[in-house]
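Text of my_file.txt, listed as compact mmCIF, C-alpha atoms:
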# COMPACT_ATOMS: atom_id res chain seq x y z
CA MET A 1 94.23 -3.32 -32.33
CA ARG A 2 95.33 -4.32 -28.83
CA SER A 3 95.75 -0.63 -27.92
CA HIS A 4 92.23 0.17 -29.15
CA PHE A 5 90.77 -2.75 -27.16
CA SER A 6 92.65 -1.65 -24.04
CA LYS A 7 91.33 1.89 -24.30
CA THR A 8 87.79 0.62 -24.78
CA ALA A 9 88.00 -1.68 -21.75
CA THR A 10 89.44 1.10 -19.62
CA GLY A 11 86.64 3.43 -20.67
CA CYS A 12 83.97 0.88 -19.80
CA ALA A 13 85.51 0.22 -16.42
CA LEU A 14 85.64 3.95 -15.67
CA ALA A 15 82.00 4.37 -16.67
CA LEU A 16 80.99 1.47 -14.43
CA VAL A 17 82.82 2.98 -11.45
CA CYS A 18 81.06 6.29 -12.05
CA LEU A 19 77.62 4.61 -12.17
CA VAL A 20 78.29 2.75 -8.92
CA HIS A 21 79.40 6.01 -7.28
CA VAL A 22 76.26 7.85 -8.38
CA ALA A 23 74.01 5.01 -7.20
CA SER A 24 75.68 4.88 -3.80
CA ALA A 25 75.39 8.66 -3.48
CA GLN A 26 71.64 8.51 -4.14
CA THR A 27 71.00 5.80 -1.57
CA ALA A 28 73.04 7.75 0.96
CA GLN A 29 70.56 10.66 0.85
CA PRO A 30 67.48 9.58 2.83
CA GLY A 31 66.00 13.05 2.51
CA ALA A 32 65.24 12.41 -1.13
CA GLN A 33 62.75 9.69 -0.16
CA ASP A 34 61.40 11.33 2.99
CA SER A 35 59.46 13.86 0.93
CA ALA A 36 57.34 11.02 -0.47
CA ILE A 37 56.25 9.80 2.99
CA PRO A 38 52.54 10.67 3.54
CA ILE A 39 51.43 12.87 6.41
CA SER A 40 50.66 10.81 9.52
CA ASN A 41 47.02 10.18 10.44
CA VAL A 42 47.98 9.58 14.07
CA VAL A 43 46.77 12.10 16.68
CA ALA A 44 49.29 12.44 19.51
CA ASN A 45 46.89 13.45 22.31
CA PRO A 46 43.30 12.56 21.43
CA THR A 47 40.32 13.78 23.45
CA TYR A 48 37.43 11.39 22.86
CA ILE A 49 33.93 12.67 23.48
CA SER A 50 30.47 11.19 23.05
CA ILE A 51 27.16 12.80 22.15
CA PRO A 52 24.20 10.64 23.29
CA LEU A 53 20.80 11.62 21.86
CA GLU A 54 17.41 9.95 22.11
CA ILE A 55 13.74 10.40 21.24
CA THR A 56 10.58 8.54 22.25
CA VAL A 57 8.61 6.86 19.47
CA ASN A 58 5.00 5.71 19.80
CA ARG A 59 5.58 2.44 18.03
CA PRO A 60 7.11 -0.92 19.06
CA ALA A 61 10.87 -1.09 18.59
CA THR A 62 10.68 -3.82 15.96
CA GLU A 63 8.32 -1.74 13.82
CA VAL A 64 10.50 1.32 14.26
CA TRP A 65 13.62 -0.54 13.18
CA LYS A 66 11.87 -2.05 10.20
CA ARG A 67 10.94 1.45 9.03
CA VAL A 68 14.15 3.44 9.67
CA GLY A 69 16.87 0.92 10.56
CA LYS A 70 18.22 -0.19 7.19
CA TYR A 71 21.77 1.03 6.63
CA CYS A 72 20.85 3.31 3.72
CA ASP A 73 17.65 4.61 5.34
CA VAL A 74 19.93 7.47 6.39
CA GLY A 75 19.27 8.88 2.93
CA GLU A 76 15.58 9.36 3.75
CA TRP A 77 15.81 10.76 7.28
CA MET A 78 18.88 12.89 6.61
CA ARG A 79 17.62 14.06 3.22
CA ILE A 80 20.77 13.09 1.35
CA PRO A 81 21.60 10.60 -1.41
CA CYS A 82 22.70 7.18 -0.15
CA THR A 83 23.79 4.09 -2.01
CA ILE A 84 25.61 0.95 -0.90
CA THR A 85 28.99 1.14 -2.63
CA SER A 86 30.38 -2.15 -1.30
CA GLY A 87 28.84 -5.22 0.31
CA LYS A 88 25.14 -5.59 1.13
CA ASP A 89 22.88 -3.28 3.10
CA GLY A 90 22.83 -4.37 6.75
CA GLU A 91 25.76 -6.79 6.56
CA PHE A 92 29.13 -6.40 8.28
CA GLY A 93 31.56 -4.46 6.14
CA ALA A 94 28.88 -2.77 4.03
CA VAL A 95 30.00 0.67 2.85
CA ARG A 96 27.54 3.47 2.15
CA SER A 97 28.21 6.55 0.06
CA VAL A 98 27.49 8.86 3.02
CA GLY A 99 30.99 9.62 4.31
CA GLY A 100 32.26 6.29 3.00
CA GLU A 101 30.94 4.87 6.27
CA VAL A 102 31.57 1.21 7.06
CA LEU A 103 29.16 -0.94 9.08
CA VAL A 104 31.30 -2.48 11.84
CA ALA A 105 28.78 -3.83 14.37
CA LYS A 106 25.09 -4.68 14.58
CA THR A 107 22.41 -6.34 16.66
CA GLU A 108 18.79 -7.14 15.86
CA LEU A 109 17.81 -3.52 16.59
CA SER A 110 21.02 -1.52 16.19
CA TYR A 111 24.10 -0.89 14.11
CA THR A 112 27.41 0.91 14.50
CA TYR A 113 29.44 2.47 11.72
CA THR A 114 32.75 4.26 11.36
CA GLN A 115 34.47 6.39 8.76
CA PRO A 116 37.69 5.23 7.09
CA VAL A 117 41.14 6.73 7.54
CA ARG A 118 41.83 9.36 4.87
CA VAL A 119 45.20 10.30 3.43
CA GLY A 120 46.65 13.52 4.81
CA ARG A 121 43.92 14.00 7.43
CA PRO A 122 44.16 13.33 11.18
CA TYR A 123 42.00 10.33 12.05
CA ASN A 124 39.29 11.24 14.56
CA LEU A 125 38.04 7.64 15.07
CA TYR A 126 34.47 8.75 14.37
CA HIS A 127 31.81 6.16 15.25
CA GLY A 128 28.04 6.39 15.28
CA THR A 129 25.52 3.97 16.78
CA LEU A 130 21.79 3.95 16.04
CA GLU A 131 19.52 1.79 18.20
CA ALA A 132 15.77 1.17 18.59
CA ARG A 133 15.24 0.23 22.25
CA PRO A 134 11.93 -1.21 23.54
CA VAL A 135 10.25 0.73 26.36
CA THR A 136 6.82 -0.90 26.47
CA ALA A 137 5.00 -3.26 24.15
CA ALA A 138 3.77 -0.24 22.18
CA THR A 139 6.55 2.34 22.60
CA SER A 140 10.30 2.59 22.14
CA LYS A 141 13.23 4.96 22.04
CA LEU A 142 15.55 5.76 19.18
CA ILE A 143 19.04 6.34 20.53
CA TYR A 144 21.80 7.88 18.43
CA THR A 145 25.26 8.07 19.98
CA LEU A 146 28.28 9.71 18.35
CA MET A 147 31.85 9.16 19.52
CA PHE A 148 34.96 10.82 18.10
CA ASP A 149 38.18 12.68 18.85
CA ASN A 150 37.88 16.48 18.74
CA SER A 151 41.43 17.30 19.84
CA MET A 152 42.38 18.64 16.39
CA LEU A 153 39.99 21.59 16.73
CA ALA A 154 41.55 24.93 17.62
CA ASP A 155 40.39 25.40 21.22
CA ASP A 156 37.63 24.67 23.75
CA ALA A 157 35.29 27.19 22.13
CA ALA A 158 35.67 25.49 18.74
CA ARG A 159 35.10 22.09 20.32
CA GLU A 160 31.91 23.24 22.06
CA LYS A 161 30.62 24.82 18.85
CA ASP A 162 31.30 21.62 16.89
CA LYS A 163 29.58 19.53 19.56
CA ALA A 164 26.50 21.79 19.56
CA GLN A 165 26.26 21.72 15.76
CA ARG A 166 26.46 17.93 15.64
CA ALA A 167 23.88 17.59 18.43
CA ALA A 168 21.46 19.85 16.54
CA GLN A 169 22.08 18.01 13.27
CA PHE A 170 21.38 14.56 14.70
CA THR A 171 18.49 15.72 16.88
CA LEU A 172 16.78 16.79 13.67
CA ALA A 173 17.62 13.38 12.17
CA LEU A 174 15.97 11.66 15.16
CA GLU A 175 12.89 13.86 14.79
CA ASN A 176 12.65 12.84 11.13
CA MET A 177 12.98 9.18 12.08
CA LYS A 178 10.20 9.53 14.66
CA ILE A 179 7.88 11.07 12.06
CA LEU A 180 8.57 8.26 9.59
CA ALA A 181 8.35 5.49 12.19
CA GLU A 182 4.99 6.78 13.43
CA GLY A 183 3.60 6.74 9.90
CA GLY A 184 4.04 10.41 9.06
CA THR A 185 5.55 12.16 6.06
CA LEU A 186 8.51 14.52 6.09
CA ARG A 187 8.12 18.06 4.87
CA PRO A 188 9.99 18.93 1.65
CA ALA A 189 13.68 19.41 2.32
CA PRO A 190 14.96 23.01 2.24
CA PRO A 191 17.23 23.95 -0.67
CA ARG A 192 20.83 22.78 -0.31
CA GLY A 193 22.82 25.48 1.46
CA GLY A 194 19.66 27.37 2.32
CA GLY A 195 19.52 26.47 5.99
CA ALA A 196 20.38 23.88 8.59
CA GLN A 197 19.95 20.36 7.28
CA PRO A 198 20.73 17.08 8.95
CA GLY A 199 22.28 15.94 5.70
CA ALA A 200 25.19 18.37 5.79
CA VAL A 201 27.81 15.85 6.81
CA PRO A 202 31.23 17.50 7.45
CA ASN A 203 33.45 14.54 8.42
CA ARG A 204 30.56 13.11 10.39
Represent the structure of the file as structure tokens.
Amino acid sequence: MRSHFSKTATGCALALVCLVHVASAQTAQPGAQDSAIPISNVVANPTYISIPLEITVNRPATEVWKRVGKYCDVGEWMRIPCTITSGKDGEFGAVRSVGGEVLVAKTELSYTYTQPVRVGRPYNLYHGTLEARPVTAATSKLIYTLMFDNSMLADDAAREKDKAQRAAQFTLALENMKILAEGGTLRPAPPRGGGAQPGAVPNR
């Protein structure tokens, strides 16, 4: 009986030593956990650029903002679906479905938004600001300014092409806003994918 007990105890002790050895071997291999670390969003050498655009509107700034300045009005003048997915339209922290954009700043006649960091994608710090600025008692300007990092594009030619495409896209958006603010009606939107549309929003 004593011999059987002794053999059992020895076997348990040996098994315990083996488990401890295996556990220590696993923790001693950092490479096994490194593969689970997500790709960094940090850009080592960013090159921030801005694209300032503006258009004159024959309406007072307050009227213009009332017509096109709500956070989800983007859906009308960019011809794309827009819903508020978090928070309330026009309040700090509101999130709209367009690009998952978050409202981060506002004044009486302006707002600024940004896009969130996304897993596995370099963060370009994209920000956009839309403002209705008074010029006279009866006229105003709509100003749309984009700011982002374009360093992750392949070369200078790619950066210039991207800048030109964005400028064209948002110039059309401003033209649509002017039409709406002055009491006009937008023409029917072209079919999706059938031509240039301000609503095509590639990482805006």
- request: Just give me the gap between CA of Arg96 in chain A and CA of Cys82 in chain A in Å, one decimal is fine.
  value: 6.5 Å
field: Between CA of Pro52 in chain A and CA of Asp162 in chain A - distance in Å to one decimal
entry: 14.6 Å
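Put simply, CA of Thr136 in chain A is 20.9 Å away from CA of Gly184 in chain A.
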query: With distances taken over only C-alpha atoms, which of A:Leu53, A:Ala61, A:Ala137, A:Ala44 is nearest to Arg166 in chain A?
result: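 Once distances to Arg166 in chain A are computed over only C-alpha atoms, the minimum belongs to A:Leu53.
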query: For Thr145 in chain A, which residue among A:Val42, A:Val57, A:Phe170, A:Arg121 is the nearest when counting all atoms listed in the file?
result: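 So, comparing all the options, the nearest one is A:Phe170.
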query: From the list A:Pro81, A:Pro46, A:Gly128, A:Pro188, which residue is nearest Leu103 in chain A when using all atoms listed in the file?
result: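 Counting all atoms listed in the file, the residue closest to Leu103 in chain A is A:Gly128.
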- prompt: Using only C-alpha atoms, which residue out of A:His127, A:Arg118, A:Lys141, A:Arg187 lies closest to Val104 in chain A?
  reply: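 The answer is A:His127, which sits nearest to Val104 in chain A.
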query: Got a sec: who's within 12 Å of Leu125 in chain A, counting all atoms listed in the file, leaving out chain neighbours fewer than 6 positions off, as a PyMOL selection string?
result: chain A and resi 41-43+46-50+101+113-118+146-152+203-204
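You can rank A:Ile51, A:Cys72, A:Gly120, A:Thr85 by their closest distance to Gln165 in chain A using only C-alpha atoms, and at the top of that list sits A:Ile51.
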message: Measuring between only C-alpha atoms, which one of A:Glu54, A:Glu108, A:Glu63, A:Glu76 shows the shortest distance to Asn176 in chain A?
response: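 The answer is A:Glu76, which sits nearest to Asn176 in chain A.
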field: Residues within 7 Å of Pro60 in chain A, all atoms listed in the file, excluding chain neighbours under 6 positions, as a ChimeraX atom specification
entry: /A:134,137-140
